[in-house]
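So the structure is just underneath, and the comments pick up after that.
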Amino acid sequence: MRLLILLIVISCFTITLAQAQQPVRGSITGQCLDQTDKALPFSTMLLLKAGDSTLVKGAIADAEGTYLFDNIAIGTYRLAAQQVGYAKSYSAPFVIDADHLTITMPVLKLTEEQKKLAEVTVVAKRPFIEQQVDRMVVNVENSAVAAGNTLLEVLEKAPGVTVDQQNEEIKVRGKGGVIVEIDGKRSYLSTQELMNLLRNTPSDNVEKLEVITNPSAKYDAAGNSGIINIRFKKNKNFGTNGTITLGAGQTLQPNGRGRASTSLNLNHREGKVNMFGTYSFGQYNNFNRNDIYRSIPFNGTVTYFDQHSRRFSSSQNHNFKVGSDWSVTKKTTLGVLFSGFAESWDQPNSQSNTDILDEQLAVTRRFATNGVAANKLTNLNYNLNAKHLFNENGRELSADVDYVTYDGRSRNVLGTQYFTPDRTPTGQPDSVRNIMPSSISILVGKLDYAHPIGKGKMEAGLKTSRVESDNNLTFETKSDVWSADLTRSNRFIYTESISAAYVNYSTQLSKKTQIQTGLRLEHTNSVGNSVTLNDVRERTYTNLFPSLFLTQQLDTNNAVSFNYSRRIDRPNYQTLNPFVFFLDPFTYQQGNPNLRPQFTNSVQVTHTYKQTFITTLAYSRISDAIISEVPRQIPAENKTFVTSENIDHQDNINLTISFPVKVTNWWQMQTNLSGFYNNYKTFYNDQLLTLQQTSWNVYTSQNLTLNKTTSMEISGYYNGAGVYGFYRFRPQGALSVGIQKQLWEKKGRLSLNMNDLFWTNRFIGVAQFQDIDFSVKSFWQSRVIRASFTYRFGNQNVKAARQRNTGADDLKTRMQSGS
């Protein structure tokens, strides 16, 4: 609650100060024409300071080429106009003062000739959050708060994105099933593996995050709540150049531990060849605590479990990428890419102490479980790609072939000692261990074609993929020696083939109306083979996925867009595996080979005012929704376990408002508000169960320019109480602050920040229905202070290398378990 009050005070103070400072303001109007004196609709207009060409404000001309800037402070300015296919045009300097508050500019003409202008530099810093019509962009690069963070910590700062560390889940607008891509590449990691990868990857090489809530038919149909795409920095220059970053941090909670990271980005571009490479390393130490209280009714009595666990872990992560592009001709480019990571995650000591109580809450028995875990995972990606431009009008053909491998090995050892109520050891300790080597191979081919038709463009493509996954779990128990437990060991082999085709067409129906429509077809064949149980499950299904996007420019300031899409989420490979993973003798997790795919129909309406104030209303229904962490109990044995299951459906309604506030020239604020309603309906133990909750999320950031080389950022988020699946969770949030200093003509950057100042980012949830009654409290080392230093070297001035996605982009996230 302290955090909520502080966020409200910050926002109210900012708005009050903005209203109190009401200097004299002016307005600017004018029109853009081409060289034949015809109007140039929807030209991009830039208002610049005349002295140094610093960007003050941007605007879009209407269908008649008319533009308007209002609420402009007194000063000397110039205008720039630009549009694709035309040379940028500049106005003469002009003045807004008390005698000239309304300025009507002479006509600005843009020509198709390529004229080299005198040197004019536009200096503009992107805000940390940009709300665009079809996506939200989090600009990680140059953010004081994000510097030195991990990817997972940056995701926590994205408005509307919830990182549920207790249940190892990432949600957008209250919905799970998020597809996480890195440079357009999806990961097949399990939930734990994906979360560990994000925890252990430094954000210093990240340029931005893109949250796409309603993708078009060109994208794969997976992801019921959309796509989070993490885009790494691309070097933009000819010659040899690069960036190096060093970072160190210290957690401030009890048992606080250090962490360190470093990254190197190199690029060499000369003539027709561009070669590039990146490498990053992270070393992290973490601490996690869980408190679980649950009751189990059986035969008219109730048994209570009071469990407290602590886990210490250390991890290392090596990330790399090397590649080359070769411009064979001006229209044809060939490329190769080799990337991957090597990760180790060790838990040298986990301790869990549990009291078993009777109905009078008297302790009847105690037990303590100590665990050791060691996990390793290696990923290699090989990509060949080609692109050919047939002409200058946008007709092009591109092709990708990908081969991806994952090789992992996990080892867990648990030892449990039982005690009497007075803590006297009793009986022999239980010792169990499991070893699971796993391998996944992915082969993908993709072909995309774009062709202009009239005023629009048609896109079409084909794609095929085959995935093979092999997990071999060996479970062992110990009396005098270790021996295999065949009742709990299991080998699970999963194969899946998906063939897809899509067609997408976009055009401008009128000067103010744009439309894009698409249709995607996907045919899936999957076989899950539990070798040990001699259980084979085969599924074959074909589905159509339509999409529609419609945008209407109402006037100069207002635009409305509508979109609809249908999507699918297939169960991931690890969740289908029926293996059992034990936390202690009475608590475990189990896979579900009976999971079906879930389907989502979504509609979304967005209103944009002056390209900055954006309001979105969305509704989606998810049929056969896949819910992870569904609790189940075996009362006769006092055992509780969680699994993934399909429920009947989930309804989600979401309202998001995004707006910037410029308090002064040196103080800017960005605020995002999101409210959402979730309604889950299913049958649990053959009884109708409905869970529903209205929740909300607020994110605000204050960006302060202290001087030409120093800036400060204060950001905070607050997630209201909500419901996810079978759990209700309490509010949580965090407040962070950062400061950064540019050095040596901006070649160097020194950053210092602190996350979660008041240690409020923790999870508290309950599940209460039928025979289920338990609560969970979890906290981790989220309060961290960090310092990082970045240095850029080499040529920093010229052309960017080609950016592209590969054919395996849509597949790799399904290693992530859950929906």
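By order in the structure tokens, chains are A, B, ...; within a chain, residues start at 1; ligands start at 1, following the order shown.
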Find the residues around A:Asn755 up to 8 Å (only C-alpha atoms counted), leave out those fewer than 6 positions away in its own chain, and share them as an MDAnalysis selection string.
chainID A and resid 145 734:737 782:785
Neighbour list for A:Asp470 as a count of residues only, cut-off 7 Å, only C-alpha atoms, skip fewer than 2 positions in-chain
8
Which is closer to A:Tyr573 than all the others in A:Leu462, A:Val527, A:Leu414, A:Ile356, using only C-alpha atoms?
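Looking at the shortest contact to A:Tyr573, the residue is A:Val527.
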Close residues, stretch 534-547 of chain A itself excluded, 8 Å, only C-alpha atoms, min 6 positions apart in chain, as number ranges by chain
A: 216-217, 221, 517-528, 563-567, 593
Mind dumping the selected residues with N, CA, C and O atoms as a tab-separated table (two decimals), in the first residue's frame?
```tsv
chain	number	residue	atom	x	y	z
A	216	SER	N	-0.81	-10.21	-36.87
A	216	SER	CA	-1.53	-10.49	-38.11
A	216	SER	C	-1.31	-11.93	-38.54
A	216	SER	O	-0.59	-12.70	-37.91
A	217	ALA	N	-1.93	-12.31	-39.68
A	217	ALA	CA	-1.83	-13.68	-40.20
A	217	ALA	C	-0.42	-14.02	-40.65
A	217	ALA	O	-0.09	-15.20	-40.79
A	221	ALA	N	0.30	-18.62	-35.61
A	221	ALA	CA	-0.97	-18.44	-34.90
A	221	ALA	C	-0.84	-18.69	-33.41
A	221	ALA	O	-1.83	-18.57	-32.69
A	517	THR	N	-6.11	-7.44	-44.27
A	517	THR	CA	-6.82	-8.68	-43.96
A	517	THR	C	-5.94	-9.86	-44.33
A	517	THR	O	-5.13	-9.79	-45.26
A	518	GLY	N	-6.08	-10.93	-43.58
A	518	GLY	CA	-5.23	-12.09	-43.82
A	518	GLY	C	-5.89	-13.38	-43.39
A	518	GLY	O	-6.85	-13.40	-42.61
A	519	LEU	N	-5.36	-14.48	-43.89
A	519	LEU	CA	-5.84	-15.81	-43.54
A	519	LEU	C	-4.64	-16.74	-43.47
A	519	LEU	O	-3.82	-16.79	-44.40
A	520	ARG	N	-4.58	-17.50	-42.40
A	520	ARG	CA	-3.49	-18.46	-42.22
A	520	ARG	C	-4.07	-19.85	-42.01
A	520	ARG	O	-5.07	-20.01	-41.29
A	521	LEU	N	-3.46	-20.84	-42.64
A	521	LEU	CA	-3.86	-22.24	-42.49
A	521	LEU	C	-2.70	-23.01	-41.88
A	521	LEU	O	-1.56	-22.88	-42.34
A	522	GLU	N	-2.99	-23.79	-40.83
A	522	GLU	CA	-1.96	-24.60	-40.20
A	522	GLU	C	-2.45	-26.03	-40.01
A	522	GLU	O	-3.56	-26.26	-39.49
A	523	HIS	N	-1.64	-26.99	-40.45
A	523	HIS	CA	-1.94	-28.41	-40.29
A	523	HIS	C	-0.91	-29.00	-39.33
A	523	HIS	O	0.29	-28.84	-39.51
A	524	THR	N	-1.40	-29.67	-38.28
A	524	THR	CA	-0.54	-30.17	-37.23
A	524	THR	C	-0.70	-31.68	-37.07
A	524	THR	O	-1.82	-32.20	-37.06
A	525	ASN	N	0.43	-32.36	-36.96
A	525	ASN	CA	0.44	-33.78	-36.60
A	525	ASN	C	1.44	-33.97	-35.48
A	525	ASN	O	2.60	-33.59	-35.60
A	526	SER	N	0.99	-34.54	-34.35
A	526	SER	CA	1.87	-34.72	-33.20
A	526	SER	C	1.70	-36.13	-32.65
A	526	SER	O	0.61	-36.71	-32.70
A	527	VAL	N	2.80	-36.67	-32.12
A	527	VAL	CA	2.80	-37.99	-31.50
A	527	VAL	C	3.57	-37.90	-30.19
A	527	VAL	O	4.76	-37.54	-30.19
A	528	GLY	N	2.89	-38.20	-29.08
A	528	GLY	CA	3.53	-38.27	-27.78
A	528	GLY	C	3.65	-39.72	-27.35
A	528	GLY	O	2.64	-40.41	-27.21
A	563	ASN	N	-9.21	-4.31	-34.85
A	563	ASN	CA	-8.61	-5.54	-35.37
A	563	ASN	C	-9.21	-6.76	-34.70
A	563	ASN	O	-9.70	-6.70	-33.56
A	564	TYR	N	-9.19	-7.85	-35.44
A	564	TYR	CA	-9.69	-9.15	-34.98
A	564	TYR	C	-8.71	-10.22	-35.40
A	564	TYR	O	-8.11	-10.16	-36.49
A	565	SER	N	-8.53	-11.23	-34.56
A	565	SER	CA	-7.69	-12.37	-34.94
A	565	SER	C	-8.11	-13.61	-34.17
A	565	SER	O	-8.70	-13.52	-33.09
A	566	ARG	N	-7.80	-14.75	-34.75
A	566	ARG	CA	-8.01	-16.05	-34.10
A	566	ARG	C	-6.65	-16.70	-33.95
A	566	ARG	O	-5.84	-16.68	-34.88
A	567	ARG	N	-6.38	-17.30	-32.77
A	567	ARG	CA	-5.06	-17.83	-32.49
A	567	ARG	C	-5.16	-19.18	-31.81
A	567	ARG	O	-6.24	-19.58	-31.34
A	593	PRO	N	-0.36	-35.75	-20.40
A	593	PRO	CA	-0.34	-36.06	-21.83
A	593	PRO	C	-1.68	-35.87	-22.53
A	593	PRO	O	-1.76	-35.98	-23.76
```
Residues within 6 Å of A:Asp402, only C-alpha atoms, excluding chain neighbours under 3 positions, as a ChimeraX atom specification
/A:382-383,443-444
Which one of A:Pro635, A:Gly282, A:Pro348, A:Pro106 sits closest to A:Tyr304 if you count only C-alpha atoms?
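The answer is A:Pro635, which sits nearest to A:Tyr304.
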Test item: residues at most 9 Å from A:Leu473, only C-alpha atoms, excluding those fewer than 6 positions along its chain, as a list in words
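Answer for this query is Asn434, Ile435, Met436, Pro437, Ser438, Arg488, Ser489, Asn490, Arg491, Phe492 and Phe579 of chain A.
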Hey, what's within 9 Å of stretch 366-379 of chain A if we count only C-alpha atoms and toss same-chain stuff fewer than 5 positions away? As an MDAnalysis selection string, please?
chainID A and resid 193 309 311 313 339:357 404:423 425 583:585
Within 7 Å of stretch 75-86 of chain A, counting only C-alpha atoms, which residues show up once you throw out same-chain ones fewer than 3 positions away? Write them as a ChimeraX atom specification, please.
/A:43-50,89-97,110-113
Report the distance between atom CA of A:Val107 and atom CA of A:Pro41 in Å, rounded to one decimal place.
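So the answer is 13.6 Å.
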Grab the atom CA of A:Arg259 to atom CA of A:Val138 distance for me, in Å with one decimal place.
24.3 Å
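Considering the residues A:Phe779, A:Phe390, A:Phe475, A:Phe562 and counting only C-alpha atoms, A:Val605 has its shortest atom-to-atom contact with A:Phe562.
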Output as a VMD selection string all residues of stretch 369-517 of chain A that backbone DSSP marks as strand (DSSP E or B).
chain A and resid 369 to 389 396 to 419 425 to 453 456 to 478 482 to 484 490 to 508 513 to 517
